[in-house]
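Shown here: run07.cif, mmCIF, C-alpha atoms, pLDDT in the B column; chains and numbers go by the auth columns.
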```cif
data_work
#
loop_
_atom_site.group_PDB
_atom_site.id
_atom_site.type_symbol
_atom_site.label_atom_id
_atom_site.label_comp_id
_atom_site.label_asym_id
_atom_site.label_seq_id
_atom_site.Cartn_x
_atom_site.Cartn_y
_atom_site.Cartn_z
_atom_site.B_iso_or_equiv
_atom_site.auth_seq_id
_atom_site.auth_asym_id
ATOM 1 C CA MET A 1 175.202 97.109 -7.770 96.00 1 A
ATOM 2 C CA ARG A 2 171.700 96.127 -6.708 97.00 2 A
ATOM 3 C CA ILE A 3 170.679 92.827 -5.124 97.00 3 A
ATOM 4 C CA THR A 4 167.310 91.703 -3.816 98.00 4 A
ATOM 5 C CA VAL A 5 167.256 90.339 -0.261 98.00 5 A
ATOM 6 C CA LEU A 6 164.533 87.918 0.868 97.00 6 A
ATOM 7 C CA TYR A 7 163.565 87.393 4.535 97.00 7 A
ATOM 8 C CA PHE A 8 161.656 84.406 5.932 95.00 8 A
ATOM 9 C CA ALA A 9 160.101 83.255 9.199 93.00 9 A
ATOM 10 C CA VAL A 10 161.521 84.955 12.314 92.00 10 A
ATOM 11 C CA LEU A 11 163.855 87.063 10.148 94.00 11 A
ATOM 12 C CA ARG A 12 160.869 88.477 8.268 95.00 12 A
ATOM 13 C CA GLU A 13 159.174 89.338 11.538 94.00 13 A
ATOM 14 C CA ARG A 14 162.208 91.082 13.003 94.00 14 A
ATOM 15 C CA ALA A 15 163.120 92.956 9.820 95.00 15 A
ATOM 16 C CA ARG A 16 159.428 93.834 9.348 95.00 16 A
ATOM 17 C CA LEU A 17 159.548 93.182 5.622 95.00 17 A
ATOM 18 C CA GLU A 18 159.649 90.254 3.197 96.00 18 A
ATOM 19 C CA ARG A 19 162.125 91.683 0.680 96.00 19 A
ATOM 20 C CA GLU A 20 164.162 94.752 -0.100 97.00 20 A
ATOM 21 C CA VAL A 21 166.683 96.040 -2.612 97.00 21 A
ATOM 22 C CA LEU A 22 170.191 96.485 -1.223 96.00 22 A
ATOM 23 C CA MET A 23 172.882 98.635 -2.866 97.00 23 A
ATOM 24 C CA LEU A 24 176.419 97.226 -2.605 97.00 24 A
ATOM 25 C CA ALA A 25 179.810 98.171 -3.999 96.00 25 A
ATOM 26 C CA GLU A 26 180.929 96.337 -7.128 95.00 26 A
ATOM 27 C CA GLY A 27 182.798 93.149 -6.239 93.00 27 A
ATOM 28 C CA SER A 28 181.024 92.651 -2.916 96.00 28 A
ATOM 29 C CA ASP A 29 180.650 89.116 -1.579 96.00 29 A
ATOM 30 C CA VAL A 30 178.046 87.467 0.631 96.00 30 A
ATOM 31 C CA THR A 31 179.883 88.427 3.832 95.00 31 A
ATOM 32 C CA ALA A 32 179.733 92.097 2.814 96.00 32 A
ATOM 33 C CA ALA A 33 176.030 91.759 2.038 97.00 33 A
ATOM 34 C CA ARG A 34 175.294 90.181 5.409 96.00 34 A
ATOM 35 C CA ALA A 35 177.194 92.993 7.149 96.00 35 A
ATOM 36 C CA ALA A 36 175.110 95.558 5.263 97.00 36 A
ATOM 37 C CA ILE A 37 171.931 93.735 6.256 97.00 37 A
ATOM 38 C CA VAL A 38 172.884 93.803 9.943 96.00 38 A
ATOM 39 C CA ALA A 39 173.696 97.492 9.680 96.00 39 A
ATOM 40 C CA ALA A 40 170.230 98.125 8.270 96.00 40 A
ATOM 41 C CA HIS A 41 168.472 95.716 10.647 97.00 41 A
ATOM 42 C CA PRO A 42 170.349 95.396 13.976 95.00 42 A
ATOM 43 C CA ALA A 43 167.600 93.106 15.321 93.00 43 A
ATOM 44 C CA LEU A 44 168.921 90.367 13.019 94.00 44 A
ATOM 45 C CA ALA A 45 172.484 90.403 14.362 91.00 45 A
ATOM 46 C CA ALA A 46 171.934 87.743 17.024 86.00 46 A
ATOM 47 C CA LEU A 47 170.292 85.370 14.542 88.00 47 A
ATOM 48 C CA LEU A 48 172.644 85.549 11.551 88.00 48 A
ATOM 49 C CA PRO A 49 175.354 83.232 12.983 84.00 49 A
ATOM 50 C CA VAL A 50 172.958 80.283 12.526 81.00 50 A
ATOM 51 C CA VAL A 51 171.431 81.523 9.264 89.00 51 A
ATOM 52 C CA GLN A 52 172.555 80.238 5.864 90.00 52 A
ATOM 53 C CA THR A 53 172.629 82.300 2.685 94.00 53 A
ATOM 54 C CA ALA A 54 171.226 81.285 -0.695 95.00 54 A
ATOM 55 C CA VAL A 55 172.073 83.190 -3.852 96.00 55 A
ATOM 56 C CA ASN A 56 169.785 82.546 -6.790 96.00 56 A
ATOM 57 C CA ARG A 57 168.350 79.554 -4.868 93.00 57 A
ATOM 58 C CA ALA A 58 171.667 77.825 -4.144 91.00 58 A
ATOM 59 C CA ILE A 59 173.312 77.721 -0.706 90.00 59 A
ATOM 60 C CA VAL A 60 176.654 79.573 -0.804 91.00 60 A
ATOM 61 C CA VAL A 61 179.551 80.523 1.499 90.00 61 A
ATOM 62 C CA GLY A 62 180.560 83.984 2.644 93.00 62 A
ATOM 63 C CA THR A 63 183.233 84.431 -0.023 93.00 63 A
ATOM 64 C CA HIS A 64 180.739 83.895 -2.855 95.00 64 A
ATOM 65 C CA ALA A 65 180.956 86.914 -5.173 97.00 65 A
ATOM 66 C CA LEU A 66 177.720 88.737 -5.905 98.00 66 A
ATOM 67 C CA GLY A 67 176.597 90.219 -9.189 97.00 67 A
ATOM 68 C CA ASP A 68 174.151 92.932 -10.122 97.00 68 A
ATOM 69 C CA GLY A 69 170.588 91.621 -10.000 97.00 69 A
ATOM 70 C CA ASP A 70 171.331 88.625 -7.759 97.00 70 A
ATOM 71 C CA GLU A 71 168.659 87.346 -5.369 98.00 71 A
ATOM 72 C CA LEU A 72 170.006 86.718 -1.866 97.00 72 A
ATOM 73 C CA ALA A 73 167.847 84.811 0.618 97.00 73 A
ATOM 74 C CA LEU A 74 168.564 84.439 4.316 95.00 74 A
ATOM 75 C CA ILE A 75 167.702 80.866 5.292 92.00 75 A
ATOM 76 C CA PRO A 76 166.966 80.244 9.007 88.00 76 A
ATOM 77 C CA PRO A 77 167.428 76.731 10.388 81.00 77 A
ATOM 78 C CA VAL A 78 164.629 74.603 9.016 74.00 78 A
ATOM 79 C CA ALA A 79 161.940 73.167 11.263 62.00 79 A
ATOM 80 C CA GLY A 80 163.464 69.701 11.642 56.00 80 A
ATOM 81 C CA GLY A 81 160.892 68.378 13.184 47.00 81 A
ATOM 82 C CA ALA A 82 148.357 68.333 -7.419 39.00 82 A
ATOM 83 C CA GLY A 83 146.881 65.993 -9.975 38.00 83 A
ATOM 84 C CA GLY A 84 149.475 63.277 -9.428 57.00 84 A
ATOM 85 C CA ALA A 85 152.425 65.664 -9.351 82.00 85 A
ATOM 86 C CA LYS A 86 155.496 64.151 -7.703 91.00 86 A
ATOM 87 C CA ILE A 87 156.395 67.403 -5.978 92.00 87 A
ATOM 88 C CA ALA A 88 153.919 69.977 -4.650 92.00 88 A
ATOM 89 C CA ILE A 89 154.098 72.765 -2.092 94.00 89 A
ATOM 90 C CA GLY A 90 151.307 75.212 -1.347 92.00 90 A
ATOM 91 C CA PRO A 91 148.314 76.008 0.879 93.00 91 A
ATOM 92 C CA ALA A 92 145.934 73.419 -0.586 90.00 92 A
ATOM 93 C CA THR A 93 144.831 70.409 1.475 92.00 93 A
ATOM 94 C CA ILE A 94 146.846 67.320 0.587 93.00 94 A
ATOM 95 C CA ASP A 95 145.044 64.318 -0.889 91.00 95 A
ATOM 96 C CA PRO A 96 147.144 61.227 -0.018 94.00 96 A
ATOM 97 C CA ALA A 97 145.627 59.371 -2.980 92.00 97 A
ATOM 98 C CA GLU A 98 147.169 61.921 -5.349 89.00 98 A
ATOM 99 C CA VAL A 99 150.598 61.456 -3.789 93.00 99 A
ATOM 100 C CA VAL A 100 150.340 57.667 -4.130 94.00 100 A
ATOM 101 C CA ALA A 101 149.118 58.021 -7.721 90.00 101 A
ATOM 102 C CA ALA A 102 152.338 59.853 -8.595 91.00 102 A
ATOM 103 C CA VAL A 103 154.507 56.819 -7.734 94.00 103 A
ATOM 104 C CA GLU A 104 152.451 53.649 -8.153 92.00 104 A
ATOM 105 C CA GLY A 105 152.837 51.372 -11.148 90.00 105 A
ATOM 106 C CA PRO A 106 152.466 47.746 -12.238 91.00 106 A
ATOM 107 C CA GLY A 107 156.069 46.889 -11.380 91.00 107 A
ATOM 108 C CA ARG A 108 156.012 48.407 -7.905 94.00 108 A
ATOM 109 C CA GLY A 109 154.538 46.001 -5.405 95.00 109 A
ATOM 110 C CA GLY A 110 155.487 47.927 -2.273 97.00 110 A
ATOM 111 C CA VAL A 111 153.954 51.358 -1.618 97.00 111 A
ATOM 112 C CA VAL A 112 154.703 53.162 1.660 98.00 112 A
ATOM 113 C CA THR A 113 153.257 56.506 2.735 98.00 113 A
ATOM 114 C CA PHE A 114 154.152 58.872 5.538 98.00 114 A
ATOM 115 C CA ALA A 115 151.883 61.651 6.790 98.00 115 A
ATOM 116 C CA GLY A 116 153.022 64.383 9.157 97.00 116 A
ATOM 117 C CA VAL A 117 150.062 65.647 11.204 97.00 117 A
ATOM 118 C CA VAL A 118 149.902 68.709 13.456 97.00 118 A
ATOM 119 C CA ARG A 119 149.768 67.580 17.078 95.00 119 A
ATOM 120 C CA ARG A 120 148.679 69.308 20.276 95.00 120 A
ATOM 121 C CA ASP A 121 151.849 68.513 22.206 92.00 121 A
ATOM 122 C CA GLY A 122 154.502 70.358 20.203 88.00 122 A
ATOM 123 C CA HIS A 123 158.268 70.707 20.493 86.00 123 A
ATOM 124 C CA ALA A 124 158.468 74.059 22.275 87.00 124 A
ATOM 125 C CA LEU A 125 154.868 74.366 23.492 92.00 125 A
ATOM 126 C CA ARG A 126 152.573 71.797 25.115 93.00 126 A
ATOM 127 C CA ASP A 127 149.319 73.557 24.243 95.00 127 A
ATOM 128 C CA VAL A 128 149.591 74.004 20.467 96.00 128 A
ATOM 129 C CA VAL A 129 146.443 75.152 18.664 97.00 129 A
ATOM 130 C CA ARG A 130 147.978 75.526 15.215 97.00 130 A
ATOM 131 C CA LEU A 131 151.224 75.556 13.252 96.00 131 A
ATOM 132 C CA GLU A 132 152.127 78.227 10.730 96.00 132 A
ATOM 133 C CA TYR A 133 154.299 76.916 7.895 96.00 133 A
ATOM 134 C CA GLU A 134 156.367 79.293 5.784 96.00 134 A
ATOM 135 C CA ALA A 135 158.624 78.411 2.868 96.00 135 A
ATOM 136 C CA TYR A 136 160.989 79.863 0.320 96.00 136 A
ATOM 137 C CA THR A 137 158.665 78.198 -2.127 94.00 137 A
ATOM 138 C CA ASP A 138 160.691 78.143 -5.342 92.00 138 A
ATOM 139 C CA MET A 139 163.824 76.878 -3.614 95.00 139 A
ATOM 140 C CA ALA A 140 161.849 74.402 -1.486 95.00 140 A
ATOM 141 C CA ARG A 141 160.269 72.901 -4.584 93.00 141 A
ATOM 142 C CA GLU A 142 163.727 72.425 -6.115 93.00 142 A
ATOM 143 C CA VAL A 143 165.097 70.867 -2.915 95.00 143 A
ATOM 144 C CA LEU A 144 162.182 68.424 -2.652 96.00 144 A
ATOM 145 C CA ALA A 145 162.629 67.462 -6.302 93.00 145 A
ATOM 146 C CA ALA A 146 166.354 66.936 -5.710 93.00 146 A
ATOM 147 C CA ILE A 147 165.675 64.690 -2.698 96.00 147 A
ATOM 148 C CA ALA A 148 163.266 62.552 -4.734 94.00 148 A
ATOM 149 C CA ALA A 149 165.748 62.316 -7.611 92.00 149 A
ATOM 150 C CA GLU A 150 168.596 61.338 -5.271 95.00 150 A
ATOM 151 C CA LEU A 151 166.604 58.523 -3.717 96.00 151 A
ATOM 152 C CA GLU A 152 165.466 57.238 -7.089 93.00 152 A
ATOM 153 C CA GLU A 153 169.074 57.178 -8.293 91.00 153 A
ATOM 154 C CA GLU A 154 170.351 55.515 -5.124 95.00 154 A
ATOM 155 C CA GLN A 155 167.717 52.756 -5.291 90.00 155 A
ATOM 156 C CA PRO A 156 166.828 51.809 -8.878 89.00 156 A
ATOM 157 C CA GLY A 157 163.153 51.029 -9.279 93.00 157 A
ATOM 158 C CA VAL A 158 162.067 53.377 -6.468 96.00 158 A
ATOM 159 C CA ARG A 159 159.722 56.303 -7.087 95.00 159 A
ATOM 160 C CA VAL A 160 159.236 59.104 -4.520 96.00 160 A
ATOM 161 C CA ALA A 161 156.621 61.874 -4.294 96.00 161 A
ATOM 162 C CA ILE A 162 156.489 64.673 -1.705 97.00 162 A
ATOM 163 C CA HIS A 163 153.604 67.097 -1.071 96.00 163 A
ATOM 164 C CA HIS A 164 153.952 69.781 1.614 97.00 164 A
ATOM 165 C CA ARG A 165 151.513 72.425 2.835 96.00 165 A
ATOM 166 C CA VAL A 166 152.222 76.008 3.857 96.00 166 A
ATOM 167 C CA GLY A 167 150.076 78.446 5.815 96.00 167 A
ATOM 168 C CA ALA A 168 148.143 77.983 9.069 97.00 168 A
ATOM 169 C CA LEU A 169 147.257 74.389 9.977 97.00 169 A
ATOM 170 C CA ALA A 170 145.130 73.418 12.959 96.00 170 A
ATOM 171 C CA VAL A 171 145.797 70.447 15.218 97.00 171 A
ATOM 172 C CA GLY A 172 144.876 67.288 13.307 97.00 172 A
ATOM 173 C CA GLU A 173 145.568 68.684 9.832 97.00 173 A
ATOM 174 C CA THR A 174 148.144 67.043 7.580 97.00 174 A
ATOM 175 C CA ALA A 175 151.258 69.090 6.803 97.00 175 A
ATOM 176 C CA VAL A 176 153.214 66.682 4.602 98.00 176 A
ATOM 177 C CA VAL A 177 152.619 63.422 2.769 97.00 177 A
ATOM 178 C CA ILE A 178 155.402 61.320 1.258 98.00 178 A
ATOM 179 C CA ALA A 179 154.846 58.258 -0.892 97.00 179 A
ATOM 180 C CA ALA A 180 157.539 55.806 -1.956 98.00 180 A
ATOM 181 C CA ALA A 181 156.959 52.854 -4.279 97.00 181 A
ATOM 182 C CA ALA A 182 159.355 50.053 -5.181 97.00 182 A
ATOM 183 C CA PRO A 183 159.286 46.488 -6.450 96.00 183 A
ATOM 184 C CA HIS A 184 159.693 45.295 -2.841 95.00 184 A
ATOM 185 C CA ARG A 185 158.634 46.689 0.533 95.00 185 A
ATOM 186 C CA ALA A 186 162.115 47.079 2.058 96.00 186 A
ATOM 187 C CA GLU A 187 163.215 49.609 -0.544 96.00 187 A
ATOM 188 C CA ALA A 188 159.927 51.496 -0.273 97.00 188 A
ATOM 189 C CA PHE A 189 160.183 51.770 3.524 98.00 189 A
ATOM 190 C CA ALA A 190 163.814 52.903 3.312 97.00 190 A
ATOM 191 C CA ALA A 191 163.114 55.544 0.675 97.00 191 A
ATOM 192 C CA CYS A 192 160.128 56.962 2.553 98.00 192 A
ATOM 193 C CA ARG A 193 162.099 57.301 5.781 98.00 193 A
ATOM 194 C CA ALA A 194 165.092 58.849 4.022 98.00 194 A
ATOM 195 C CA ALA A 195 162.843 61.348 2.239 98.00 195 A
ATOM 196 C CA ILE A 196 161.365 62.801 5.435 97.00 196 A
ATOM 197 C CA ASP A 197 164.766 62.868 7.153 97.00 197 A
ATOM 198 C CA ARG A 198 166.366 64.769 4.260 97.00 198 A
ATOM 199 C CA LEU A 199 163.395 67.115 3.977 97.00 199 A
ATOM 200 C CA LYS A 200 163.765 68.098 7.639 94.00 200 A
ATOM 201 C CA GLU A 201 167.490 68.685 7.200 94.00 201 A
ATOM 202 C CA ARG A 202 167.494 70.607 3.919 94.00 202 A
ATOM 203 C CA ALA A 203 164.180 72.059 2.766 95.00 203 A
ATOM 204 C CA PRO A 204 163.748 75.813 3.440 96.00 204 A
ATOM 205 C CA ILE A 205 160.413 75.283 5.172 96.00 205 A
ATOM 206 C CA TRP A 206 159.865 76.704 8.655 95.00 206 A
ATOM 207 C CA LYS A 207 157.140 76.241 11.205 95.00 207 A
ATOM 208 C CA LYS A 208 155.927 78.360 14.066 95.00 208 A
ATOM 209 C CA GLU A 209 154.018 76.836 16.963 95.00 209 A
ATOM 210 C CA ILE A 210 151.060 78.908 18.108 96.00 210 A
ATOM 211 C CA GLY A 211 149.753 77.851 21.512 96.00 211 A
ATOM 212 C CA GLU A 212 147.521 79.032 24.285 95.00 212 A
ATOM 213 C CA SER A 213 150.624 80.030 26.275 93.00 213 A
ATOM 214 C CA GLY A 214 152.602 81.745 23.508 93.00 214 A
ATOM 215 C CA GLU A 215 154.383 81.089 20.237 94.00 215 A
ATOM 216 C CA ALA A 216 157.806 79.913 19.048 92.00 216 A
ATOM 217 C CA TRP A 217 159.656 79.393 15.781 92.00 217 A
ATOM 218 C CA LEU A 218 161.162 75.926 15.705 87.00 218 A
ATOM 219 C CA GLY A 219 164.874 75.728 14.990 77.00 219 A
ATOM 220 C CA LEU A 220 165.718 79.106 16.520 64.00 220 A
ATOM 221 C CA GLY A 221 163.429 79.226 19.517 51.00 221 A
ATOM 222 C CA ALA A 222 162.816 82.903 18.785 49.00 222 A
#
```
Would you give me this structure, written as structure tokens?
Amino acid sequence: MRITVLYFAVLRERARLEREVLMLAEGSDVTAARAAIVAAHPALAALLPVVQTAVNRAIVVGTHALGDGDELALIPPVAGGAGGAKIAIGPATIDPAEVVAAVEGPGRGGVVTFAGVVRRDGHALRDVVRLEYEAYTDMAREVLAAIAAELEEEQPGVRVAIHHRVGALAVGETAVVIAAAAPHRAEAFAACRAAIDRLKERAPIWKKEIGESGEAWLGLGA
């Protein structure tokens, strides 16, 4: 059977390709696929123990059975660190007013926004000149939408919007804006903080620090 394998961030760099078609025996599971990937790309062997696997955009375990035509994505550790749409991810500059417009309303008296801005003093490097954001875009969009929906269900009356950029961003540029609106400020503050925390934990978005002294992928340090 044939499956399509997707590579992101440091895995893409080491495999030297973004995707490929892999032939597997009928009845193969994710563990068998990962073994075949390592056989084809030995440079990935040291990284795979901390890499998750998504099949058709859902995180799965090694015993998950694969089918012909499945899409398998290798998901490195994430970088913990439009027009009123609630969820947006892409290279375009973020307009905070658009993010707020997606959640505000006459019954929501508290509106809180968070903006993540590229800074000079990074996590791995102290002389950052830019960050390069990469994402498994379709899955990331679904994860961001799920985070917003969870928070809105957990706190009735809350509305959450998340816009995230990808591509190269210079120091001072905004990478992510989150807006949370609620009838009262406490719920809005809580939802905004929870949204960025869950994004950092779960969204398949990676960032690479580019500095005067070198470069480093965050999460793997590779």
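Distance annotation: of A:Glu187, A:Glu104, A:Ile196, A:Trp206, the residue with the minimal separation from A:Pro156 is A:Glu187; atom set is all atoms listed in the file.
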I want to know what sits within 12 Å of A:Pro204, based on only C-alpha atoms, with residues of the same chain fewer than 5 positions away left out; could you give that as an MDAnalysis selection string?
chainID A and resid 7:9 51:54 57:59 73:80 89 133:144 164 166 198:199 219
Run the PyMOL selection byres ((chain A and resi 108) around 6) on the file and write out the hits as an MDAnalysis selection string.
chainID A and resid 105:107 109:110 181:183
Just checking: using all atoms listed in the file, which residue out of A:Val160, A:Ala186, A:Ala39, A:Ile147 ends up closest to A:Val100?
A:Val160
In terms of the shortest atom-to-atom distance over only C-alpha atoms, which of A:Val60, A:Ile162, A:Gly211, A:Glu20 is closest to A:Ile37?
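Counting only C-alpha atoms, the residue closest to A:Ile37 is A:Glu20.
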Proximity to A:Leu151 - best of A:Ala194, A:Val111, A:Ala179, A:Ala102, all atoms listed in the file
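So, comparing all the options, the nearest one is A:Ala194.
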My list of candidates is A:Met1, A:Ala170, A:Ala175, A:Ala148. Which is closest to A:Gly90 when distances are computed with only C-alpha atoms?
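When distances to A:Gly90 are compared using only C-alpha atoms, the smallest one comes from A:Ala175.
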Best match for closeness to A:Thr31 among A:Leu66, A:Ile3, A:Ala145, A:Val176, counting only C-alpha atoms:
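Closest to A:Thr31 of all the choices is A:Leu66.
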